[in-house]
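*Asks:* Questions regarding the structure given below will be posed in turn.
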Amino acid sequence: MSQDMRVWLRAGVCRFVGMAAAVALVFGTTAYAAEKASKKADKKADTTQQTDKPADKPADKAAPSGDLAAIALTLPDASFSSTPLAYVRANLETPGYKPREPFLAPKDVTDISKGKPVTSSAAPTTGKLEMVTDGDKQYADKAIVTLPAGTQWVQIDLGAANEIYAIVLWHYHAAQRVYFDTVVQVSDDPEFKKDVKTVYNNDDDNSSGLGVGKNNEYVETYEGKLIDTKGEKGRYVRCCSKGNTSDDFNHYIEVEVFGKPVK
Ligand SMILES: [Ca+2]
Ligand SMILES: [Ca+2]
């Protein structure tokens, strides 16, 4: 082999090694970046899973997600009625067998209905209207406000227009019952003649005359019915019903409204 050829070969080997090193470096860096991104994504997925996990402890319920936080909802005791409900209907919601997930709303959202004045379509036959917003959600007989038969309502005056994120409604929940024509509306008009926003309506045959409802009927439980009202604005909240699977009367234990003042 001539001197020239040896020099040329050595240079070629050096070029090859250099290129191989460069390729390895690029691939190595890319692989590292990909691994880092994947780890980041895993971490993110973990956080999401933790947020979605059903909360066992009150501490879990306060876990914030961005500017959202779980509303401070307290629940009454559950009753364990042994009498099954003999009621079948196409729009009856399948009962949930695990506790409801914490409900997230903007973190400055609070209970804005406690102690607020309540009016109704007819005078109560048992209980006092102020019991609808007194914070007592237990199913004891002394906690029940009864309105007569027919379509009746209770109405809460929040005192000013609010952005409403959740309305939680407890009818009588000591036994398995479905209350008919549950319609929940929000308005700035105390007469509910204008600017009425219906946030829940399960009157699918319009027997209460407030419009055909698309929501489901549901069995009462200690958790109450939580209606996601998505920041709907209004000063007054009206909850209507028309009897239930046990009798013709309308029972209200508590209505709790979560929101914040309109800015
Ligand atoms: Ca009450
Ligand atoms: Ca109906």
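Going by the structure tokens order, chains are called A, B, ..., each with residues numbered from 1, while ligands are numbered from 1 in the order shown.
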Write out as a Markdown table the residues of chain A that have any atom within 12 Å of an atom of ligand 2, one row each with the nearest atom pair and its distance in Å to one decimal, counting only C-alpha atoms and all ligand atoms, sorted by chain and then rising number.

*Replies:*
```
| residue | atom | partner | partner_atom_place_in_ligand_line | distance |
| --- | --- | --- | --- | --- |
| A:Arg89 | CA | ligand 2 | 1 (Ca) | 11.5 |
| A:Asn91 | CA | ligand 2 | 1 (Ca) | 10.9 |
| A:Gly150 | CA | ligand 2 | 1 (Ca) | 11.2 |
| A:Thr151 | CA | ligand 2 | 1 (Ca) | 9.9 |
| A:Val178 | CA | ligand 2 | 1 (Ca) | 11.6 |
| A:Tyr179 | CA | ligand 2 | 1 (Ca) | 9.8 |
| A:Phe180 | CA | ligand 2 | 1 (Ca) | 6.0 |
| A:Asp181 | CA | ligand 2 | 1 (Ca) | 4.8 |
| A:Thr182 | CA | ligand 2 | 1 (Ca) | 8.5 |
| A:Val183 | CA | ligand 2 | 1 (Ca) | 10.0 |
| A:Asn201 | CA | ligand 2 | 1 (Ca) | 9.5 |
| A:Asn202 | CA | ligand 2 | 1 (Ca) | 7.3 |
| A:Asp203 | CA | ligand 2 | 1 (Ca) | 4.0 |
| A:Asp204 | CA | ligand 2 | 1 (Ca) | 5.6 |
| A:Asp205 | CA | ligand 2 | 1 (Ca) | 4.9 |
| A:Asn206 | CA | ligand 2 | 1 (Ca) | 5.4 |
| A:Ser207 | CA | ligand 2 | 1 (Ca) | 4.4 |
| A:Ser208 | CA | ligand 2 | 1 (Ca) | 6.3 |
| A:Gly209 | CA | ligand 2 | 1 (Ca) | 8.8 |
| A:Leu210 | CA | ligand 2 | 1 (Ca) | 9.9 |
| A:Gly211 | CA | ligand 2 | 1 (Ca) | 9.9 |
| A:Val212 | CA | ligand 2 | 1 (Ca) | 8.5 |
| A:Gly213 | CA | ligand 2 | 1 (Ca) | 8.5 |
| A:Lys214 | CA | ligand 2 | 1 (Ca) | 11.1 |
| A:Asn215 | CA | ligand 2 | 1 (Ca) | 11.4 |
| A:Asn216 | CA | ligand 2 | 1 (Ca) | 11.1 |
| A:Glu217 | CA | ligand 2 | 1 (Ca) | 9.6 |
| A:Cys240 | CA | ligand 2 | 1 (Ca) | 11.4 |
| A:Ser241 | CA | ligand 2 | 1 (Ca) | 9.2 |
| A:Lys242 | CA | ligand 2 | 1 (Ca) | 7.9 |
| A:Gly243 | CA | ligand 2 | 1 (Ca) | 9.9 |
| A:Asn244 | CA | ligand 2 | 1 (Ca) | 10.6 |
```

*Asks:* Could you list the protein, DNA and RNA residues that have any atom within 12 Å of ligand 1, counting only C-alpha atoms and all ligand atoms, and write them as JSON, numbers by chain?

*Replies:* {"A": [75, 76, 113, 114, 115, 116, 118, 127, 128, 129, 130, 131, 132, 133, 134, 135, 136, 137, 138, 139, 140, 141, 142, 143, 144, 145, 146, 168, 169, 170, 171, 172, 224, 251, 252, 253, 254, 255, 256]}

*Asks:* Next, the residues of the selection above should be written as a CSV table (one decimal), in the first residue's frame with C-alpha atoms.

*Replies:*
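File produced: out35.csv:
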```csv
chain,number,residue,atom,x,y,z
A,75,LEU,CA,-74.4,15.7,53.0
A,76,PRO,CA,-77.0,14.4,55.5
A,113,SER,CA,-78.7,30.3,49.6
A,114,LYS,CA,-78.2,29.6,53.3
A,115,GLY,CA,-80.8,31.6,55.3
A,116,LYS,CA,-82.2,33.4,52.2
A,118,VAL,CA,-88.2,31.5,50.6
A,127,GLY,CA,-93.0,22.8,58.3
A,128,LYS,CA,-92.0,26.4,57.6
A,129,LEU,CA,-90.6,27.8,54.4
A,130,GLU,CA,-87.4,29.0,56.1
A,131,MET,CA,-86.6,25.3,56.6
A,132,VAL,CA,-85.8,25.1,52.8
A,133,THR,CA,-82.7,27.1,53.3
A,134,ASP,CA,-81.7,26.5,56.9
A,135,GLY,CA,-78.9,24.0,56.0
A,136,ASP,CA,-80.7,21.0,57.7
A,137,LYS,CA,-80.9,18.3,55.1
A,138,GLN,CA,-81.7,15.4,57.4
A,139,TYR,CA,-84.8,13.3,56.6
A,140,ALA,CA,-86.4,13.6,60.0
A,141,ASP,CA,-90.1,14.5,59.9
A,142,LYS,CA,-89.5,17.8,61.6
A,143,ALA,CA,-87.2,18.8,58.7
A,144,ILE,CA,-89.8,18.4,56.0
A,145,VAL,CA,-91.8,21.3,54.4
A,146,THR,CA,-94.9,19.9,52.8
A,168,VAL,CA,-78.7,20.8,44.9
A,169,LEU,CA,-82.3,19.7,45.8
A,170,TRP,CA,-83.5,17.4,48.5
A,171,HIS,CA,-87.1,16.2,48.5
A,172,TYR,CA,-88.0,13.6,51.1
A,224,GLY,CA,-79.8,15.2,46.8
A,251,HIS,CA,-91.9,17.7,50.1
A,252,TYR,CA,-88.9,19.9,50.3
A,253,ILE,CA,-86.1,19.4,52.9
A,254,GLU,CA,-83.4,21.7,51.4
A,255,VAL,CA,-82.4,23.6,48.3
A,256,GLU,CA,-78.8,24.7,48.2
```

*Asks:* For the atom pair atom CA of A:Ile71 and atom CA of A:Leu104, what is the interatomic distance in Å to one decimal place?

*Replies:* 6.1 Å

*Asks:* Any chance you could list, as a VMD selection string, the residues in stretch 23-263 of chain A that come up helix (DSSP H, G or I) when DSSP is run on the backbone?

*Replies:* chain A and resid 23 to 52 58 to 61 129 to 133 141 to 143

*Asks:* Include N, CA and C atoms and write out the residues we just selected as a short mmCIF file (atom, residue, chain, number, x, y, z; two decimals), in the first residue's frame.

*Replies:*
```
data_model
loop_
_atom_site.label_atom_id
_atom_site.label_comp_id
_atom_site.auth_asym_id
_atom_site.auth_seq_id
_atom_site.Cartn_x
_atom_site.Cartn_y
_atom_site.Cartn_z
N VAL A 23 -24.05 10.95 14.32
CA VAL A 23 -25.37 10.30 14.19
C VAL A 23 -25.84 9.80 15.55
N ALA A 24 -24.88 9.16 16.28
CA ALA A 24 -25.22 8.62 17.60
C ALA A 24 -25.65 9.75 18.53
N LEU A 25 -24.95 10.89 18.41
CA LEU A 25 -25.26 12.03 19.27
C LEU A 25 -26.67 12.56 19.00
N VAL A 26 -26.95 12.70 17.66
CA VAL A 26 -28.28 13.21 17.28
C VAL A 26 -29.37 12.26 17.77
N PHE A 27 -29.16 10.94 17.49
CA PHE A 27 -30.17 9.96 17.90
C PHE A 27 -30.31 9.93 19.41
N GLY A 28 -29.14 9.98 20.06
CA GLY A 28 -29.13 9.96 21.53
C GLY A 28 -29.93 11.12 22.08
N THR A 29 -29.67 12.33 21.55
CA THR A 29 -30.37 13.52 22.02
C THR A 29 -31.86 13.40 21.78
N THR A 30 -32.20 12.91 20.55
CA THR A 30 -33.60 12.77 20.19
C THR A 30 -34.28 11.77 21.13
N ALA A 31 -33.57 10.63 21.37
CA ALA A 31 -34.13 9.60 22.25
C ALA A 31 -34.33 10.17 23.65
N TYR A 32 -33.36 10.98 24.10
CA TYR A 32 -33.47 11.57 25.44
C TYR A 32 -34.67 12.52 25.52
N ALA A 33 -34.79 13.36 24.43
CA ALA A 33 -35.91 14.32 24.41
C ALA A 33 -37.24 13.57 24.42
N ALA A 34 -37.30 12.48 23.62
CA ALA A 34 -38.55 11.70 23.54
C ALA A 34 -38.88 11.09 24.89
N GLU A 35 -37.82 10.56 25.56
CA GLU A 35 -38.04 9.92 26.86
C GLU A 35 -38.53 10.94 27.88
N LYS A 36 -37.92 12.14 27.83
CA LYS A 36 -38.28 13.21 28.75
C LYS A 36 -39.75 13.61 28.53
N ALA A 37 -40.13 13.77 27.24
CA ALA A 37 -41.50 14.16 26.90
C ALA A 37 -42.47 13.10 27.37
N SER A 38 -42.08 11.82 27.18
CA SER A 38 -42.96 10.72 27.58
C SER A 38 -43.15 10.69 29.09
N LYS A 39 -42.02 10.95 29.83
CA LYS A 39 -42.11 10.97 31.29
C LYS A 39 -43.04 12.09 31.75
N LYS A 40 -42.90 13.26 31.06
CA LYS A 40 -43.72 14.43 31.38
C LYS A 40 -45.21 14.08 31.18
N ALA A 41 -45.48 13.41 30.02
CA ALA A 41 -46.86 13.03 29.70
C ALA A 41 -47.41 12.06 30.73
N ASP A 42 -46.53 11.09 31.14
CA ASP A 42 -46.95 10.12 32.17
C ASP A 42 -47.33 10.82 33.45
N LYS A 43 -46.47 11.79 33.81
CA LYS A 43 -46.68 12.53 35.05
C LYS A 43 -48.03 13.26 34.98
N LYS A 44 -48.27 13.88 33.81
CA LYS A 44 -49.51 14.62 33.60
C LYS A 44 -50.71 13.67 33.71
N ALA A 45 -50.58 12.49 33.05
CA ALA A 45 -51.66 11.51 33.08
C ALA A 45 -51.94 11.08 34.51
N ASP A 46 -50.86 10.90 35.30
CA ASP A 46 -51.02 10.53 36.71
C ASP A 46 -51.84 11.56 37.46
N THR A 47 -51.51 12.84 37.23
CA THR A 47 -52.21 13.92 37.92
C THR A 47 -53.68 13.88 37.56
N THR A 48 -53.97 13.68 36.26
CA THR A 48 -55.35 13.64 35.80
C THR A 48 -56.10 12.50 36.47
N GLN A 49 -55.41 11.33 36.52
CA GLN A 49 -56.06 10.18 37.14
C GLN A 49 -56.38 10.45 38.59
N GLN A 50 -55.43 11.13 39.27
CA GLN A 50 -55.65 11.42 40.68
C GLN A 50 -56.86 12.32 40.85
N THR A 51 -57.00 13.29 39.94
CA THR A 51 -58.12 14.22 40.04
C THR A 51 -59.44 13.48 39.81
N ASP A 52 -59.41 12.52 38.85
CA ASP A 52 -60.64 11.82 38.50
C ASP A 52 -61.02 10.73 39.50
N PRO A 58 -62.21 13.73 52.90
CA PRO A 58 -62.55 15.12 52.63
C PRO A 58 -61.37 15.89 52.03
N ALA A 59 -60.13 15.53 52.44
CA ALA A 59 -58.95 16.22 51.92
C ALA A 59 -58.86 16.08 50.41
N ASP A 60 -59.22 14.89 49.89
CA ASP A 60 -59.18 14.67 48.44
C ASP A 60 -60.15 15.60 47.72
N LYS A 61 -61.27 15.88 48.36
CA LYS A 61 -62.32 16.66 47.71
C LYS A 61 -61.88 18.10 47.46
N LEU A 129 -91.41 27.57 55.60
CA LEU A 129 -90.63 27.77 54.38
C LEU A 129 -89.15 28.04 54.64
N GLU A 130 -88.86 28.71 55.77
CA GLU A 130 -87.44 29.02 56.05
C GLU A 130 -86.60 27.75 56.22
N MET A 131 -87.28 26.61 56.45
CA MET A 131 -86.55 25.34 56.60
C MET A 131 -85.94 24.87 55.27
N VAL A 132 -86.38 25.46 54.15
CA VAL A 132 -85.84 25.06 52.84
C VAL A 132 -84.39 25.55 52.68
N THR A 133 -84.02 26.60 53.40
CA THR A 133 -82.65 27.13 53.27
C THR A 133 -81.93 27.21 54.62
N ASP A 141 -88.79 13.87 60.19
CA ASP A 141 -90.10 14.47 59.88
C ASP A 141 -90.13 15.97 60.18
N LYS A 142 -89.43 16.36 61.25
CA LYS A 142 -89.45 17.79 61.62
C LYS A 142 -88.69 18.67 60.62
N ALA A 143 -87.96 18.05 59.69
CA ALA A 143 -87.18 18.83 58.71
C ALA A 143 -87.92 18.99 57.39
#
```

*Asks:* Using only C-alpha atoms, determine which residues lie at most 12 Å from A:Asp195, disregarding the query and same-chain residues fewer than 2 positions distant; provide the list as a tab-separated table (two decimals) with C-alpha atoms, in the first residue's frame.

*Replies:*
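Saved the output as selection17.tsv:
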```tsv
chain	number	residue	atom	x	y	z
A	185	GLN	CA	-85.73	27.52	36.87
A	186	VAL	CA	-83.63	30.66	37.34
A	187	SER	CA	-84.78	34.22	36.63
A	188	ASP	CA	-84.32	37.88	37.59
A	189	ASP	CA	-88.12	38.17	37.58
A	190	PRO	CA	-89.74	37.13	40.88
A	191	GLU	CA	-92.93	36.30	38.95
A	192	PHE	CA	-91.05	34.04	36.51
A	193	LYS	CA	-92.89	35.61	33.60
A	197	LYS	CA	-84.00	29.87	32.23
A	198	THR	CA	-84.97	26.27	32.83
A	232	GLU	CA	-76.43	30.63	34.64
A	233	LYS	CA	-77.27	34.11	35.95
A	234	GLY	CA	-80.26	35.06	38.06
A	235	ARG	CA	-81.57	36.32	41.40
A	236	TYR	CA	-84.39	33.84	41.95
```

*Asks:* May I have all residues of stretch 67-263 of chain A that DSSP, computed from the backbone, assigns to strand (DSSP E), given as JSON, numbers by chain?

*Replies:* {"A": [68, 69, 70, 104, 105, 106, 110, 111, 118, 119, 120, 145, 146, 147, 152, 153, 154, 155, 156, 157, 158, 159, 160, 161, 162, 163, 164, 165, 166, 167, 168, 169, 170, 183, 184, 185, 186, 187, 197, 198, 199, 200, 201, 225, 226, 227, 228, 229, 230, 231, 232, 233, 234, 235, 236, 237, 238, 239, 240, 241, 250, 251, 252, 254, 255, 256, 257, 258, 259, 260, 261]}

*Asks:* Take the residues just selected and output them with C-alpha atoms as a short mmCIF file (atom, residue, chain, number, x, y, z; two decimals), in the first residue's frame.

*Replies:*
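The resulting file, selection.cif, is shown below:
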```cif
data_model
loop_
_atom_site.label_atom_id
_atom_site.label_comp_id
_atom_site.auth_asym_id
_atom_site.auth_seq_id
_atom_site.Cartn_x
_atom_site.Cartn_y
_atom_site.Cartn_z
CA LEU A 68 -61.57 25.11 39.90
CA ALA A 69 -62.25 23.60 43.30
CA ALA A 70 -64.80 21.16 44.70
CA LEU A 104 -65.90 21.34 40.53
CA ALA A 105 -66.70 25.04 40.11
CA PRO A 106 -64.63 28.26 40.07
CA THR A 110 -69.81 29.35 47.72
CA ASP A 111 -73.19 28.42 49.19
CA VAL A 118 -88.21 31.46 50.58
CA THR A 119 -91.69 31.87 49.10
CA SER A 120 -94.02 29.21 47.69
CA VAL A 145 -91.77 21.25 54.38
CA THR A 146 -94.94 19.89 52.76
CA LEU A 147 -96.84 21.69 50.02
CA GLN A 152 -96.29 23.51 43.48
CA TRP A 153 -93.04 25.39 43.89
CA VAL A 154 -90.66 26.86 46.42
CA GLN A 155 -88.66 29.93 45.40
CA ILE A 156 -85.45 31.33 46.85
CA ASP A 157 -84.50 35.00 46.63
CA LEU A 158 -80.70 35.18 46.49
CA GLY A 159 -80.92 38.96 47.08
CA ALA A 160 -79.06 39.87 43.88
CA ALA A 161 -78.19 38.33 40.53
CA ASN A 162 -75.57 35.63 40.86
CA GLU A 163 -73.68 33.32 38.55
CA ILE A 164 -75.07 29.96 39.59
CA TYR A 165 -72.93 26.85 39.16
CA ALA A 166 -74.91 24.19 41.04
CA ILE A 167 -78.33 23.76 42.59
CA VAL A 168 -78.73 20.81 44.93
CA LEU A 169 -82.26 19.74 45.76
CA TRP A 170 -83.47 17.40 48.50
CA VAL A 183 -88.56 21.57 37.09
CA VAL A 184 -85.88 24.00 38.27
CA GLN A 185 -85.73 27.52 36.87
CA VAL A 186 -83.63 30.66 37.34
CA SER A 187 -84.78 34.22 36.63
CA LYS A 197 -84.00 29.87 32.23
CA THR A 198 -84.97 26.27 32.83
CA VAL A 199 -81.96 24.39 34.19
CA TYR A 200 -83.75 21.08 34.86
CA ASN A 201 -87.03 19.64 33.63
CA LYS A 225 -80.10 16.03 43.06
CA LEU A 226 -77.15 18.12 41.90
CA ILE A 227 -77.95 20.21 38.85
CA ASP A 228 -74.96 21.57 36.91
CA THR A 229 -76.15 25.09 36.03
CA LYS A 230 -72.95 26.17 34.26
CA GLY A 231 -72.84 29.74 35.58
CA GLU A 232 -76.43 30.63 34.64
CA LYS A 233 -77.27 34.11 35.95
CA GLY A 234 -80.26 35.06 38.06
CA ARG A 235 -81.57 36.32 41.40
CA TYR A 236 -84.39 33.84 41.95
CA VAL A 237 -84.38 30.03 41.91
CA ARG A 238 -87.70 28.20 41.62
CA CYS A 239 -88.13 24.43 42.16
CA CYS A 240 -91.39 22.83 41.03
CA SER A 241 -92.85 19.36 41.53
CA ASN A 250 -94.68 17.93 47.50
CA HIS A 251 -91.94 17.69 50.10
CA TYR A 252 -88.89 19.92 50.35
CA GLU A 254 -83.42 21.71 51.43
CA VAL A 255 -82.41 23.62 48.32
CA GLU A 256 -78.78 24.69 48.22
CA VAL A 257 -77.44 27.07 45.60
CA PHE A 258 -73.74 27.47 44.83
CA GLY A 259 -72.60 30.57 42.99
CA LYS A 260 -70.90 33.96 43.11
CA PRO A 261 -72.01 37.55 42.54
#
```

*Asks:* What does the distance from atom CA of A:Pro84 to atom CA of A:Arg100 come to in Å, to one decimal?

*Replies:*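 Taking atom CA of A:Pro84 and atom CA of A:Arg100, their separation equals 21.2 Å.
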